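K.L.:
Can you keep this structure in mind? I'll have questions shortly.
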Amino acid sequence: MSDNYRSREERKQAEKSKQGQQMNDSSPRKKGSFLKKFLVACLLIGIITLGAGVATFFAMIKDAPKIDDSKLADPVSTKFYDKDGNLIHEYGSQKRTLITYDQVPKIAEEAFLATEDSRFYEHHGVDVIRTAKAIFENVSAGFGSQGGSTITQQVIKNSFLSSDKTLKRKIQEWYLAYKLEQKYSKHEILEMYLNKINLGNKSWGLAAAAKNYYGIDVKDLKNLTLPQAALIAGLPQSPNKYDPTKPENRDAALKRRNLVLTLMNKQGYITQKEMEDAMKVPIDQGLQPPASNAEMPYQAFLDAAVKEVEAKIPDVNIGTDGLAIYTTLDPKAQQYAEQIVNTEDVVNYPNDKFQAAFVFMDSKTSEVRAIGSGRNENKAQFKGSNFAIDINRQPGSSFKPIFDYGPAIENLKWSTGHQIEDKATTYDNGAPINNYDNQYHGVMSIRTALAKSYNIPALLTLRAVGKDKAQTFAQGLGITFDKNQTFESTAIGSNSVNPLEMAGAYGSFANGGNYTQPHFVQKVVYPDGKEVSFKAKAKRVMKDYTAFMITDMLRSVVSDGTGTTAAVPGLDVAGKTGTTNFPADIISKYGFPSTATNDSWFAGYTPQYTMAVWTGYVKNGPGMYMDGSTTKISQRIFKEMFAKFGTDNSTFQMPDSVERDPATNELNVKGGEKVDAPKVKPDAPSGLQAKYDQASNTISLNWAFSSATMKDPSFDISYTLNGGAKTSLTSTKSTNVTLSNAQAGGQYSFSIVASANGQSSDAVTVTVVVPGAATNQNNNQPNTNQNNGQTNTPKTPTTPATPSTGGSTGTGTNSGNTGTNSGSTGTGSTGGTGTNSGSTTTKPTQ
């Protein structure tokens, strides 16, 4: 029973416990059911939101640009240097100099990190803490009010994205920043940033800023000071606002710099003292003047240099590849060249339409030092037409050393005294060829033919050597021919050339027979240090004897030929003129004189420099022609450049392969042609005088003779007495002689002839009447004395005893020279003196 009771009691207790438990269980079960539903709902909302967010995220990044290495490579300006390595110009829309991370000064890196991205080495492209702060600021103050961009994000924004402040662009920026960090190291990304960032004052990147603000070259970046680095690091936020070169910005720039210093100290990069000392430095200390907006200097020269670079490196981009182009430019020579063509301070020009172009280069290296390239509206511009290298004009006679005489000496071993006859000649098509003076000059040396610029000997020389050999020779000197064709008219320069080609060809003569292609560039250096050399190798294109003998002939052009205007005192100048004429239809159309000149050239050289000058008009028009005075302008330009910059007074030295003939003063190739001394007729003696001396009863004769061109002259003296037969007095090398035992009252007529080189001169005569009782039967008769076409008619003496000084006034013509034989009367017993100055003649130069 008790067991049952216990059982009932227990059962009751159990029932109570069960009921209490049921009561306790019922409440939580209801509460748990709601929470569960709430959490499920939240989860569903979260999933939906997340899904929507993910979908939105992917929708926003689906058209994000890819990480393109080419876009990470910044456009870098090209720098031009002169022949001595001095910077002369920087070309490109963004003046930028690339540097590597190893070139970044530690103080500059710390300044940028403290200011722009203090957790740079800790995040993976996006700084979550900084971004969260930025989001809060944007929500409370409007989107875009706070950036929060890391350095990685700034690289992405500057390389791939616009600057629009939209959520889509920001999400793409985060995504791409993460991707960039997966592909590149932190140092590489920092290097990109420091090369890319705009730092004001036309400065893109740290290196450009250091140069433009403080004059610090890239090689000296380590010299950047703490206050300088802090100022530069503060610029990215607002480059124009904080540019300290603008006086109105200096207060703001000072505050910004000091803020950077404070941040560097706060983050442990610098000490308190370093910060305070740096803050004391004036903001303008060490500042350079603002970057100049000046026009590109030396445009024509740099244009030629760029064309040369682009021809050798076809895929180069001058404006963006960051090249260092080391040119051959001499700035002083180029400045003077521009003064010559662009002003009238040095050379006077006939009008504004008159043009000039030239190339001035080093004779040994063919490095171009300066160019003149057009005047006024045809003045060369960068990336434009350039007369010095682009024009094509006929060179006229300046082509004769290249196509005629050079090939003849090279292939035929002609002497410079080789004889050639200037006579009536026609081209192979039957058309006549004429000299500039429309005359023929007979037999002459090729030296004379070149010095006097006769055309017919040039053609005959070409025929002797052959067109094929002449063309091969000229091509070796850098000359090109249209369709690779030549004609007989090429002998006198009918093909087209430009000043650069002519300078290169003449430079081969100047450099002893070695051709080096004229060039404006020494080398090109890429940003990674790779170099491309532009120095051309010299190539022997003719024998040394050809180069020297042509040079010696061209000396004659300058000393006493057509190029005397180009002579420069103290310099060994060799050169050649060249002119061309207008065709008949142009002369008729514009009413030009028949002698009007179209092109005028002068190409010449010294051991130091070589220069080719062209002058003329670009187009035909009324009054646009040159005459005898304006054709000399090309020579005057040459002379001015050499007088200004020709500092080498050395002379061209004769090689061992050449010998000079003492008899002719001409040059021969050893083992080549030798030319005998020409049979040149000597000039007649001059200044012949006769004097009778009564005390000794003698007649003395004396005269003068120039032996400069005559070897070992002698003189034959003869006389007649009273009109009788000729009697030989003597043959002597002296210039005086005496007749003894003169016959009283006799009339002596003396004749003197000079002999040299197997030739005899014209005779000169003089008549003397000796005092005495005898009567001169011929005194009242005219005495006709032939002397080089001269007639002397004696006057009737007053008395037989009066001495006569020739007794006549005679006018004689000898090759264009007129001499007057003035007679005089002397009284006294001392005798008479006779003179015949009219018998002295000068032959015309050939």
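Ordering of the structure tokens sets the chain letters (A, B, ...); residue numbers start at 1 within each chain; ligands are numbered from 1 in the order shown.
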In stretch 427-645 of chain A, what's strand (DSSP E) per DSSP? Answer as a VMD selection string?

P.N.:
chain A and resid 432 to 433 442 to 445 514 to 515 521 to 525 531 to 533 539 to 540 574 to 581 597 to 605 609 to 616

K.L.:
Please identify all polymer residues within 12 Å of A:Lys619, counting only C-alpha atoms, omitting same-chain residues fewer than 4 positions from it, and present them as a short mmCIF file (atom, residue, chain, number, x, y, z; two decimals) with C-alpha atoms, in the first residue's frame.

P.N.:
data_model
loop_
_atom_site.label_atom_id
_atom_site.label_comp_id
_atom_site.auth_asym_id
_atom_site.auth_seq_id
_atom_site.Cartn_x
_atom_site.Cartn_y
_atom_site.Cartn_z
CA LYS A 353 61.62 85.65 -102.01
CA PHE A 354 65.31 84.84 -102.37
CA GLN A 355 66.17 81.54 -100.70
CA ASN A 378 60.06 78.80 -96.50
CA ARG A 393 68.10 71.34 -107.52
CA PHE A 582 66.74 78.87 -117.28
CA ILE A 586 60.96 80.46 -119.00
CA ASN A 598 68.43 79.88 -111.86
CA ASP A 599 70.59 78.14 -109.20
CA GLY A 623 62.19 89.31 -111.36
CA MET A 624 63.01 85.98 -109.73
CA TYR A 625 66.41 85.31 -111.23
#

K.L.:
Return the single residue from A:Thr647, A:Ser397, A:Gln522, A:Ser149 that is closest to A:Asp84, with distances computed using only C-alpha atoms.

P.N.:
A:Gln522

K.L.:
Could you give me, as number ranges by chain, the residues within 9 Å of A:Arg540, counting only C-alpha atoms and dropping anything in the same chain fewer than 4 positions from it?

P.N.:
A: 476, 508, 512-516, 544

K.L.:
Each residue of stretch 55-117 of chain A lying at most 12 Å from stretch 529-536 of chain A should get a row with its shortest atom-to-atom pair and the distance in Å to one decimal, counting only C-alpha atoms; could you produce that, ordered by chain and increasing number, as JSON lines?

P.N.:
{"residue": "A:Leu98", "atom": "CA", "partner": "A:Gly529", "partner_atom": "CA", "distance": 11.0}
{"residue": "A:Ile99", "atom": "CA", "partner": "A:Gly529", "partner_atom": "CA", "distance": 11.1}
{"residue": "A:Thr100", "atom": "CA", "partner": "A:Gly529", "partner_atom": "CA", "distance": 11.6}

K.L.:
Can you pull out every residue within 8 Å of A:Leu254, counting only C-alpha atoms, but drop anything in the same chain fewer than 4 positions away, and send it as a list in words?

P.N.:
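Answer for this query is Leu231, Arg250, Asn258 and Ile283 of chain A.
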
K.L.:
Go ahead and dump the residues you just picked, N, CA, C and O atoms, as a short mmCIF file (atom, residue, chain, number, x, y, z; two decimals), in the first residue's frame.

P.N.:
data_model
loop_
_atom_site.label_atom_id
_atom_site.label_comp_id
_atom_site.auth_asym_id
_atom_site.auth_seq_id
_atom_site.Cartn_x
_atom_site.Cartn_y
_atom_site.Cartn_z
N LEU A 231 57.93 69.12 -49.99
CA LEU A 231 57.15 70.01 -50.86
C LEU A 231 56.61 69.25 -52.07
O LEU A 231 55.44 69.37 -52.41
N ARG A 250 52.73 80.65 -52.61
CA ARG A 250 53.78 80.24 -51.68
C ARG A 250 53.30 80.05 -50.25
O ARG A 250 53.80 79.17 -49.54
N ASN A 258 54.67 71.81 -44.75
CA ASN A 258 54.81 71.58 -43.31
C ASN A 258 53.85 70.50 -42.82
O ASN A 258 54.16 69.77 -41.87
N ILE A 283 60.33 78.61 -48.23
CA ILE A 283 59.66 77.81 -49.26
C ILE A 283 60.27 78.03 -50.64
O ILE A 283 60.22 77.15 -51.51
#

K.L.:
Tell me, as a tab-separated table (two decimals) with N, CA, C and O atoms, in the first residue's frame, which residues lie within 10 Å of A:Tyr436, counting only C-alpha atoms; anything in the same chain fewer than 5 positions away does not count.

P.N.:
chain	number	residue	atom	x	y	z
A	452	LYS	N	88.35	77.73	-114.37
A	452	LYS	CA	87.57	78.70	-115.14
A	452	LYS	C	86.16	78.20	-115.44
A	452	LYS	O	85.37	78.92	-116.03
A	453	SER	N	85.86	76.98	-115.03
A	453	SER	CA	84.52	76.40	-115.14
A	453	SER	C	84.02	76.32	-116.57
A	453	SER	O	82.86	76.61	-116.86
A	454	TYR	N	84.90	75.87	-117.46
A	454	TYR	CA	84.48	75.67	-118.85
A	454	TYR	C	83.75	74.33	-118.97
A	454	TYR	O	84.17	73.32	-118.40
A	455	ASN	N	82.69	74.32	-119.75
A	455	ASN	CA	81.83	73.14	-119.86
A	455	ASN	C	82.35	72.10	-120.84
A	455	ASN	O	82.25	70.90	-120.61
A	456	ILE	N	82.88	72.55	-121.96
A	456	ILE	CA	83.28	71.62	-123.01
A	456	ILE	C	84.38	70.67	-122.53
A	456	ILE	O	84.28	69.45	-122.73
A	579	THR	N	76.49	77.06	-111.35
A	579	THR	CA	75.28	77.82	-111.69
A	579	THR	C	74.51	77.08	-112.77
A	579	THR	O	75.08	76.27	-113.51
A	580	THR	N	73.21	77.35	-112.82
A	580	THR	CA	72.38	76.78	-113.88
A	580	THR	C	71.59	77.89	-114.53
A	580	THR	O	71.32	78.92	-113.91
A	581	ASN	N	71.22	77.67	-115.79
A	581	ASN	CA	70.45	78.66	-116.54
A	581	ASN	C	69.01	78.22	-116.71
A	581	ASN	O	68.67	77.04	-116.53
A	595	THR	N	71.28	85.78	-119.87
A	595	THR	CA	72.31	85.34	-118.91
A	595	THR	C	71.74	85.08	-117.52
A	595	THR	O	72.51	84.85	-116.58

K.L.:
So that I can check the secondary structure, give me every residue of stretch 610-729 of chain A assigned alpha helix (DSSP H) by backbone DSSP, as a count of residues only.

P.N.:
13

K.L.:
List the neighbours of stretch 400-407 of chain A out to 7 Å using only C-alpha atoms; skip same-chain residues closer than 4 positions along the sequence, and give me the result as a list in words.

P.N.:
Asn411, Ala458, Thr461, Leu462, Val465, Lys469, Ala470, Gln471, Phe473, Ala474, Ala491, Ile492, Thr546 and Ile550 of chain A

K.L.:
Show which residues sit within 12 Å of A:Lys106, as a list in words. Count only C-alpha atoms, and ignore same-chain residues fewer than 5 positions away.

P.N.:
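Contacts, in chain order: Tyr101, Ala111, Phe112, Leu113, Leu221, Lys222, Asn223, Leu224, Thr225, Leu226, Ala229, Ala230, Tyr269 and Ile270 of chain A.
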
K.L.:
Compare A:Gln439, A:Thr152, A:Ser760, A:Thr365 by their minimum atom-to-atom distance to A:Lys537, counting only C-alpha atoms, and give me the closest one.

P.N.:
A:Thr365

K.L.:
Can you measure atom CA of A:Ala324 to atom CA of A:Pro527 for me? One decimal in Å is fine.

P.N.:
7.7 Å

K.L.:
Which value, in Å to one decimal, gives the distance between atom CA of A:Asp315 and atom CA of A:Gly478?

P.N.:
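Computing it gives 25.6 Å between the two atoms.
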
K.L.:
Would you work out the distance separating atom CA of A:His418 from atom CA of A:Gly575, expressed in Å to one decimal?

P.N.:
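So the two atoms, atom CA of A:His418 and atom CA of A:Gly575, lie 20.0 Å apart.
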
K.L.:
A:Asp468, A:Ala510, A:Gly746, A:Glu310: which is nearest A:Lys364, counting only C-alpha atoms?

P.N.:
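Using only C-alpha atoms, A:Lys364 sits closest to A:Ala510.
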